[in-house]
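Notes for the one structure printed next.
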Amino acid sequence: MHITVLCKVVDNYGDIGVCWRMSRRLKKIAPQNTISLVVDDFETFSVIASEAKQSKVLEGVELFDWNNETLCHDIFAANDGERLSFILECFQCGRPDWMEKILFEEKLERTVQIIMIDYLTAEKYAEDFHCLKSLTRSAKVQKVNFMPGFTGATGGLIIDDEWESMPPYNEAGPVLVFTYTMGTGLIENTGSFDKLRNPEQMGSLSLSKGLQLKPLPYMNQPDWDKMMRQCSALIIRGEESMSRACLSGIPFIWQAYPQTEEYHLVKVKALLERMKPHFDKEAFDIVEKAWLFVNLDCHALRARNDASNNPSLRGANAVSDVAIQNFLNARHALVPYFQSFSQSLQKNGDLCTNLMTFINKIAII
């Protein structure tokens with residue numbers, strides 16, 4: 001079987017992070033299949049997979065440059081387009097011009113299945129759209145949605161080998177900060193975070209004396225995973241790191257990508273609602289307040305800072321609000337609740353295994 005994964009790098013490393021993890025997992029669970037990953041930005045890709053180069057096989061996955069039209073057309077059009085039997089179009093990335101030509105102008109004899117892998121969301125529409133079919137310009141090219149998600153009525157999350165079980169909780173571990181507004185780094189564990197108030201400016205994150213943000217180098221994906229699993233708390237952004245945090249059982253705060261009319265808050269509140277049944281009222285209140293501060297007040301403060309030249313306002317987006325302070329100080333007590341949520345996600349199964357079951361079913365039909 002031939003499966004081709006399409007990825008356009010739009011949001012830093014999130015898109016390629018998910019697509020690379022998915023491609024490796026698909027090859028791992030069905031090694032007899034040919035997995036091709038078509039990427040438009042190898043420079044960004046190489047940051048999380050240092051050996052990634054076009055026209056190379058890496059961890060069993062064949063890599064192709066989206067922009068290399070002549071090479072890709074010749075390879076993917078061969079044998080009646082057998083490499084295009086199953087196309088995973090990830091995150092509404094569209095299809096390269098050379099692929100459109102093969103699919104709709106050169107009239108393949110075979111039937112092509114395009115499976116739309118959408119963004120991860122806890123919103124209800126993930127269940128409504130899962131496995132929903134749609135039309136294309138050709139009866140030979142069929143399209144269907146496959147939705148990642150947090151319930152058994154969706155495709156679930158990618159659960160690769162390293163994430164099949166939660167790591168032992170590391171109480172002495174650092175706190176990972178990986179956000180849009182507060183910088184990136186590790187805060188070494190000092191026990192109490194009372195000193196987060198009355199901050200002084202330290203780079204892009206405001207901390208008091210005695211609390212230092214240790215910068216992080218760029219890492220390959222497995223090294224990033226290993227680092228996350230050793231932390232005592234996570235303040236993270238994006239889909240890729242958020243999905244790992246969900247599976248880790250480690251207390252975490254998710255900062256969603258800011259959207260117009262504050263639509264990102266809809267996504268944040270939807271995920272909080274999925275988590276809520278696994279918490280008691282007091283614990284959930286701590287989590288909810290921290291999440292809403294990071295996703296509402298921090299974004300607003302950053303916008304105000306960006307629009308102002310007043311030095312007194314710089315650094316106002318610091319991790320100094322009492323909501324985050326309370327979350328970090330309560331992180332050890334919050335572990336059982338986050339672990340309960342993680343266990344519920346494991347029961348939904350691995351997205352790639354669920355996807356292969358779906359693909360095999362289509363192939364038989």
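FYI, nothing fancy with the structure tokens labels: chains A, B, ... in order, residues from 1 per chain, ligands from 1 as they appear.
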Please provide the set of residues having any atom within 9 Å of region 237-247 of chain A, restricted to only C-alpha atoms, with same-chain residues fewer than 5 positions apart removed, written as a PyMOL selection string.
-> chain A and resi 11+13-15+17-18+119-121+157-159+163-166+177-180+225+228-229+252-257+338-339+341-343+345-346
Distance query Glu59 (chain A) at most 12 Å, only C-alpha atoms, self and fewer than 2 positions along chain excluded, as a PyMOL selection string | chain A and resi 20-21+23-28+31+34-37+49+51-52+56-57+61-63
Quick one: of A:Leu272, A:Ala363, A:Ile114, A:Ala233, who's nearest to Leu334 (chain A), counting only C-alpha atoms?
->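 Of A:Leu272, A:Ala363, A:Ile114, A:Ala233, the one nearest Leu334 (chain A) is A:Ala233, counting only C-alpha atoms.
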Find the residues around Leu271 (chain A) up to 6 Å (only C-alpha atoms counted), leave out those fewer than 3 positions away in its own chain, and share them as a PyMOL selection string.
-> chain A and resi 122+268+274
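With only C-alpha atoms as the atoms that count, the minimum distance from Ile3 (chain A) to the choices A:Val335, A:Ile359, A:Trp291, A:Met275 is reached by A:Ile359.
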As number ranges by chain, which residues of region 50-238 of chain A does DSSP assign to helix (DSSP H, G or I)?
-> A: 69-84, 97-104, 125-129, 161-163, 194-196, 221-229
A:Asp280, A:Glu162, A:Glu171, A:Glu262 ranked by distance to Leu292 (chain A), top pick (using only C-alpha atoms) =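 Of A:Asp280, A:Glu162, A:Glu171, A:Glu262, the one nearest Leu292 (chain A), counting only C-alpha atoms, is A:Glu262.
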Counting only C-alpha atoms, figure out which residue out of A:Gln221, A:Ser248, A:Asn33, A:Ser46 gets nearest to Tyr337 (chain A).
->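 For Tyr337 (chain A), the nearest of the given residues is A:Ser248.
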Hey, what's within 12 Å of Phe104 (chain A) if we count only C-alpha atoms and toss same-chain stuff fewer than 6 positions away? As a PyMOL selection string, please?
-> chain A and resi 77+81+95+97-98+111-112+136-142
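Minimum atom-to-atom distance to Val144 (chain A), evaluated using only C-alpha atoms, belongs to A:His130 out of A:His130, A:His264, A:Lys214, A:Arg83.
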Among region 38-218 of chain A, which ones does DSSP place in strand (DSSP E or B), written as an MDAnalysis selection string?
-> chainID A and resid 38:39 56:58 61:65 86:90 112:117 133:134 141:146 157 175:178 184:187 200:202 205:207 213:214
Just give me the gap between CA of Gly173 (chain A) and CA of Lys281 (chain A) in Å, one decimal is fine.
->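 Computed distance, CA of Gly173 (chain A) to CA of Lys281 (chain A), equals 26.3 Å.
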